[in-house]
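Novice: PDB, C-alpha atoms, saved as input32.pdb, coming up:
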```
MODEL        1
ATOM      1  CA  MET T  90      35.983   0.736  -7.329  1.00  0.00           C
ATOM      2  CA  LEU T  91      34.470  -0.787 -10.478  1.00  0.00           C
ATOM      3  CA  LYS T  92      32.942  -3.600  -8.446  1.00  0.00           C
ATOM      4  CA  LYS T  93      31.371  -1.064  -6.071  1.00  0.00           C
ATOM      5  CA  LEU T  94      29.951   0.852  -9.032  1.00  0.00           C
ATOM      6  CA  LEU T  95      28.520  -2.362 -10.493  1.00  0.00           C
ATOM      7  CA  ASN T  96      26.928  -3.156  -7.130  1.00  0.00           C
ATOM      8  CA  HIS T  97      25.148   0.189  -7.150  1.00  0.00           C
ATOM      9  CA  LYS T  98      24.031  -0.325 -10.742  1.00  0.00           C
ATOM     10  CA  LEU T  99      22.621  -3.692  -9.761  1.00  0.00           C
ATOM     11  CA  ARG T 100      20.815  -2.158  -6.769  1.00  0.00           C
ATOM     12  CA  ILE T 101      19.374   0.571  -8.972  1.00  0.00           C
ATOM     13  CA  LEU T 102      18.222  -2.020 -11.505  1.00  0.00           C
ATOM     14  CA  ILE T 103      16.596  -4.085  -8.752  1.00  0.00           C
ATOM     15  CA  LEU T 104      14.880  -0.971  -7.379  1.00  0.00           C
ATOM     16  CA  ILE T 105      13.559  -0.133 -10.862  1.00  0.00           C
ATOM     17  CA  VAL T 106      12.187  -3.670 -11.197  1.00  0.00           C
ATOM     18  CA  LEU T 107      10.534  -3.474  -7.767  1.00  0.00           C
ATOM     19  CA  VAL T 108       8.961  -0.094  -8.512  1.00  0.00           C
ATOM     20  CA  SER T 109       7.738  -1.621 -11.790  1.00  0.00           C
ATOM     21  CA  PHE T 110       6.061  -4.353  -9.737  1.00  0.00           C
ATOM     22  CA  LEU T 111       4.205  -1.671  -7.787  1.00  0.00           C
ATOM     23  CA  ALA T 112       3.107  -0.145 -11.091  1.00  0.00           C
ATOM     24  CA  MET T 113       1.945  -3.548 -12.356  1.00  0.00           C
ATOM     25  CA  ILE T 114      -0.174  -4.033  -9.229  1.00  0.00           C
ATOM     26  CA  ARG T 115      -1.814  -0.706 -10.038  1.00  0.00           C
ATOM     27  CA  ILE T 116      -2.221  -1.457 -13.750  1.00  0.00           C
ATOM     28  CA  PHE T 117      -3.857  -4.854 -13.181  1.00  0.00           C
ATOM     29  CA  GLU T 118      -5.916  -3.848 -10.144  1.00  0.00           C
ATOM     30  CA  LYS T 119      -9.264  -4.593 -11.783  1.00  0.00           C
ATOM     31  CA  ILE T 120      -8.159  -8.098 -12.761  1.00  0.00           C
ATOM     32  CA  LEU T 121      -6.404  -9.038  -9.523  1.00  0.00           C
ATOM     33  CA  PHE T 122      -8.659  -7.609  -6.822  1.00  0.00           C
ATOM     34  CA  TYR T 123     -12.335  -7.406  -5.935  1.00  0.00           C
ATOM     35  CA  ASP T 124     -13.009  -3.723  -5.303  1.00  0.00           C
ATOM     36  CA  PRO T 125     -16.262  -2.187  -6.572  1.00  0.00           C
ATOM     37  CA  LEU T 126     -15.156   1.081  -5.011  1.00  0.00           C
ATOM     38  CA  LEU T 127     -12.544   1.525  -7.769  1.00  0.00           C
ATOM     39  CA  ASP T 128     -15.129   2.463 -10.389  1.00  0.00           C
ATOM     40  CA  TYR T 129     -17.367   4.117  -7.814  1.00  0.00           C
ATOM     41  CA  PHE T 130     -14.757   6.691  -6.778  1.00  0.00           C
ATOM     42  CA  LYS T 131     -13.789   7.319 -10.408  1.00  0.00           C
ATOM     43  CA  SER T 132     -17.379   8.345 -11.165  1.00  0.00           C
ATOM     44  CA  ASP T 133     -19.505  11.144  -9.773  1.00  0.00           C
ATOM     45  CA  TYR T 134     -19.798   9.390  -6.423  1.00  0.00           C
ATOM     46  CA  THR T 135     -21.075  12.428  -4.500  1.00  0.00           C
ATOM     47  CA  ASN T 136     -24.516  12.010  -6.087  1.00  0.00           C
ATOM     48  CA  GLN T 137     -24.635   8.209  -5.976  1.00  0.00           C
ATOM     49  CA  PRO T 138     -25.162   5.790  -3.111  1.00  0.00           C
ATOM     50  CA  LEU T 139     -22.388   3.389  -2.216  1.00  0.00           C
ATOM     51  CA  PRO T 140     -22.462   0.262  -4.387  1.00  0.00           C
ATOM     52  CA  LEU T 141     -23.479  -3.084  -2.945  1.00  0.00           C
ATOM     53  CA  LEU T 142     -20.426  -4.649  -1.375  1.00  0.00           C
ATOM     54  CA  ASP T 143     -19.553  -8.186  -0.430  1.00  0.00           C
ATOM     55  CA  ASN T 144     -17.611  -7.354   2.735  1.00  0.00           C
ATOM     56  CA  PHE T 145     -15.920 -10.763   2.837  1.00  0.00           C
ATOM     57  CA  LYS T 146     -14.617 -10.468  -0.731  1.00  0.00           C
ATOM     58  CA  LEU T 147     -13.740  -6.813  -0.219  1.00  0.00           C
ATOM     59  CA  PHE T 148     -11.702  -7.639   2.884  1.00  0.00           C
ATOM     60  CA  PHE T 149      -9.704 -10.313   1.086  1.00  0.00           C
ATOM     61  CA  GLY T 150      -9.276  -8.113  -1.980  1.00  0.00           C
ATOM     62  CA  LEU T 151      -7.890  -5.294   0.176  1.00  0.00           C
ATOM     63  CA  PHE T 152      -5.795  -7.744   2.187  1.00  0.00           C
ATOM     64  CA  PHE T 153      -4.282  -9.319  -0.927  1.00  0.00           C
ATOM     65  CA  ARG T 154      -3.474  -5.949  -2.460  1.00  0.00           C
ATOM     66  CA  TYR T 155      -2.014  -4.618   0.803  1.00  0.00           C
ATOM     67  CA  LEU T 156       0.035  -7.812   1.139  1.00  0.00           C
ATOM     68  CA  LEU T 157       1.465  -7.519  -2.388  1.00  0.00           C
ATOM     69  CA  ASN T 158       2.262  -3.827  -1.897  1.00  0.00           C
ATOM     70  CA  THR T 159       3.844  -4.604   1.478  1.00  0.00           C
ATOM     71  CA  ILE T 160       6.058  -7.391   0.124  1.00  0.00           C
ATOM     72  CA  VAL T 161       7.318  -5.186  -2.692  1.00  0.00           C
ATOM     73  CA  SER T 162       7.711  -2.169  -0.386  1.00  0.00           C
ATOM     74  CA  ILE T 163       9.697  -4.129   2.192  1.00  0.00           C
ATOM     75  CA  SER T 164      11.857  -5.492  -0.623  1.00  0.00           C
ATOM     76  CA  ILE T 165      12.520  -1.912  -1.753  1.00  0.00           C
ATOM     77  CA  ILE T 166      13.461  -0.940   1.797  1.00  0.00           C
ATOM     78  CA  TYR T 167      15.848  -3.888   2.043  1.00  0.00           C
ATOM     79  CA  VAL T 168      17.513  -3.201  -1.309  1.00  0.00           C
ATOM     80  CA  ALA T 169      17.802   0.518  -0.576  1.00  0.00           C
ATOM     81  CA  PHE T 170      19.217   0.230   2.958  1.00  0.00           C
ATOM     82  CA  LYS T 171      20.594  -3.331   3.312  1.00  0.00           C
ATOM     83  CA  ASP T 172      19.471  -3.370   6.932  1.00  0.00           C
ATOM     84  CA  PHE T 173      17.479  -6.322   8.201  1.00  0.00           C
ATOM     85  CA  GLY T 174      16.581  -4.398  11.375  1.00  0.00           C
ATOM     86  CA  LEU T 175      14.757  -1.803   9.264  1.00  0.00           C
ATOM     87  CA  VAL T 176      12.974  -4.593   7.412  1.00  0.00           C
ATOM     88  CA  LYS T 177      11.739  -6.096  10.692  1.00  0.00           C
ATOM     89  CA  PHE T 178      10.683  -2.677  11.995  1.00  0.00           C
ATOM     90  CA  ALA T 179       8.875  -1.804   8.731  1.00  0.00           C
ATOM     91  CA  SER T 180       7.160  -5.207   8.693  1.00  0.00           C
ATOM     92  CA  ILE T 181       5.793  -4.656  12.190  1.00  0.00           C
ATOM     93  CA  LEU T 182       4.620  -1.158  11.251  1.00  0.00           C
ATOM     94  CA  TYR T 183       2.914  -2.455   8.093  1.00  0.00           C
ATOM     95  CA  LEU T 184       1.096  -5.091  10.166  1.00  0.00           C
ATOM     96  CA  ILE T 185      -0.003  -2.570  12.796  1.00  0.00           C
ATOM     97  CA  PHE T 186      -1.169  -0.087  10.159  1.00  0.00           C
ATOM     98  CA  PHE T 187      -3.132  -2.797   8.336  1.00  0.00           C
ATOM     99  CA  VAL T 188      -4.980  -3.912  11.450  1.00  0.00           C
ATOM    100  CA  ILE T 189      -5.829  -0.343  12.441  1.00  0.00           C
ATOM    101  CA  LEU T 190      -6.781   0.836   8.946  1.00  0.00           C
ATOM    102  CA  ILE T 191      -8.883  -2.196   7.998  1.00  0.00           C
ATOM    103  CA  ALA T 192     -10.789  -2.005  11.311  1.00  0.00           C
ATOM    104  CA  ILE T 193     -11.477   1.708  10.870  1.00  0.00           C
ATOM    105  CA  PHE T 194     -12.373   1.192   7.187  1.00  0.00           C
ATOM    106  CA  PHE T 195     -15.041  -1.419   7.860  1.00  0.00           C
ATOM    107  CA  PHE T 196     -16.320   0.422  10.933  1.00  0.00           C
ATOM    108  CA  VAL T 197     -16.813   3.647   8.973  1.00  0.00           C
ATOM    109  CA  LEU T 198     -18.193   1.772   5.964  1.00  0.00           C
ATOM    110  CA  SER T 199     -20.697  -0.137   8.111  1.00  0.00           C
ATOM    111  CA  PHE T 200     -21.892   2.651  10.377  1.00  0.00           C
ATOM    112  CA  TYR T 201     -21.201   5.919   8.554  1.00  0.00           C
ATOM    113  CA  GLY T 202     -20.761   4.872   4.896  1.00  0.00           C
ATOM    114  CA  GLU T 203     -23.131   7.262   3.144  1.00  0.00           C
ATOM    115  CA  GLU T 204     -22.274  10.144   5.449  1.00  0.00           C
ATOM    116  CA  SER T 205     -18.492   9.638   5.331  1.00  0.00           C
ATOM    117  CA  LYS T 206     -17.660   8.770   1.745  1.00  0.00           C
ATOM    118  CA  MET T 207     -14.483  10.840   1.814  1.00  0.00           C
ATOM    119  CA  THR T 208     -13.297   9.104   4.974  1.00  0.00           C
ATOM    120  CA  VAL T 209     -13.850   5.733   3.289  1.00  0.00           C
ATOM    121  CA  PHE T 210     -12.003   7.045   0.227  1.00  0.00           C
ATOM    122  CA  TYR T 211      -8.918   8.163   2.154  1.00  0.00           C
ATOM    123  CA  ILE T 212      -8.665   5.141   4.437  1.00  0.00           C
ATOM    124  CA  ARG T 213      -9.025   2.892   1.401  1.00  0.00           C
ATOM    125  CA  ARG T 214      -6.304   4.911  -0.338  1.00  0.00           C
ATOM    126  CA  PHE T 215      -3.842   4.019   2.443  1.00  0.00           C
ATOM    127  CA  LEU T 216      -4.830   0.357   2.120  1.00  0.00           C
ATOM    128  CA  ILE T 217      -4.514   0.070  -1.651  1.00  0.00           C
ATOM    129  CA  GLN T 218      -1.587   2.382  -2.440  1.00  0.00           C
ATOM    130  CA  PRO T 219       2.002   2.056  -1.177  1.00  0.00           C
ATOM    131  CA  LEU T 220       1.824   5.429   0.569  1.00  0.00           C
ATOM    132  CA  LEU T 221       3.594   4.158   3.670  1.00  0.00           C
ATOM    133  CA  LEU T 222       6.674   3.473   1.534  1.00  0.00           C
ATOM    134  CA  LEU T 223       6.767   7.151   0.626  1.00  0.00           C
ATOM    135  CA  LEU T 224       6.863   7.952   4.342  1.00  0.00           C
ATOM    136  CA  PHE T 225       9.301   5.232   5.387  1.00  0.00           C
ATOM    137  CA  ILE T 226      12.071   5.793   2.824  1.00  0.00           C
ATOM    138  CA  PRO T 227      12.822   9.426   3.777  1.00  0.00           C
ATOM    139  CA  GLY T 228      12.438   8.586   7.464  1.00  0.00           C
ATOM    140  CA  PHE T 229      14.812   5.641   7.296  1.00  0.00           C
ATOM    141  CA  TYR T 230      17.267   7.643   5.174  1.00  0.00           C
ATOM    142  CA  ILE T 231      17.367  10.479   7.702  1.00  0.00           C
ATOM    143  CA  GLN T 232      17.764   7.956  10.513  1.00  0.00           C
ATOM    144  CA  LYS T 233      20.700   6.309   8.688  1.00  0.00           C
ATOM    145  CA  GLN T 234      22.340   9.681   8.058  1.00  0.00           C
ATOM    146  CA  SER T 235      22.081  10.732  11.687  1.00  0.00           C
ATOM    147  CA  LYS T 236      23.880   7.587  12.952  1.00  0.00           C
TER
ENDMDL
END
```
Here is a file; write its structure as structure tokens.
Specialist:
Amino acid sequence: MLKKLLNHKLRILILIVLVSFLAMIRIFEKILFYDPLLDYFKSDYTNQPLPLLDNFKLFFGLFFRYLLNTIVSISIIYVAFKDFGLVKFASILYLIFFVILIAIFFFVLSFYGEESKMTVFYIRRFLIQPLLLLLFIPGFYIQKQSK
């Protein structure tokens, strides 16, 4: 019984550390990633044109941030559920979502940027924040409970 309790304490500690990693990615976003849209969307962007963007650097900045968030998120899923099948499934979903979102992001940015600033904002939000984790954890929990 005590060993089982210690195991759960260790899992909770690991989850706290992993969530802290997500927070650190957010805290050091300006240092770690190229993203001129960070400051742009924090300002009064409705009255300003989009900033000049280096699409190559922006892609790799978004990719690197998405990759870090994905690694930490998949680690959280593994620690929370101890199911490698869920990890494989989540990994495939993260890959599919990245390909779809990054394609739509650059398409909208290239062809409709000034007209669709809010669309760019929300697609970018899914790329830079671990929002998918907030969807996957309850979904996987409900799936585990129903089995």
Novice: Can you sort out the box for region 201-209 of chain T, edges along x, y and z, all listed atoms in, 8 Å on every side, with centre and edge lengths in Å to one decimal, as lines of an AutoDock Vina configuration file?
Specialist:
```
center_x = -18.2
center_y = 7.9
center_z = 5.1
size_x = 25.8
size_y = 22.0
size_z = 22.8
```
Novice: For the file shown, what are the residues hit by the PyMOL selection byres ((chain T and resi 161-167) around 8), laid out as a PyMOL selection string?
Specialist: chain T and resi 104+107-108+110-111+157-160+168-173+175-176+179-180+219+222+226
Novice: I need the residue set behind the PyMOL selection byres ((chain T and resi 153) around 12) for this file; please write it as a PyMOL selection string.
Specialist: chain T and resi 114+118+121-124+146-152+154-160+187+216-217
Novice: Quick one, how far is CA of Phe225 (chain T) from CA of Leu182 (chain T)?
Specialist: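 Calculated distance between CA of Phe225 (chain T) and CA of Leu182 (chain T) is 9.9 Å.
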Novice: Please, what distance in Å, to one decimal, runs between CA of Met207 (chain T) and CA of Ser109 (chain T)?
Specialist: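 Between CA of Met207 (chain T) and CA of Ser109 (chain T) the gap works out to 28.9 Å.
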Novice: As an exercise, work out the distance from CA of Phe178 (chain T) to CA of Phe229 (chain T) in Å and give it to one decimal place.
Specialist: 10.4 Å
Novice: Restricting the calculation to all atoms listed in the file: of T:Ile101, T:Met113, T:Ile185, T:Val209, which residue gets closest to Tyr129 (chain T)?
Specialist: T:Val209
Novice: Which of these residues is nearest to Tyr134 (chain T), using all atoms listed in the file: T:Ile181, T:Lys206, T:Ile105, T:Arg214?
Specialist: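 Answer, going by the shortest atom-to-atom distance: T:Lys206.
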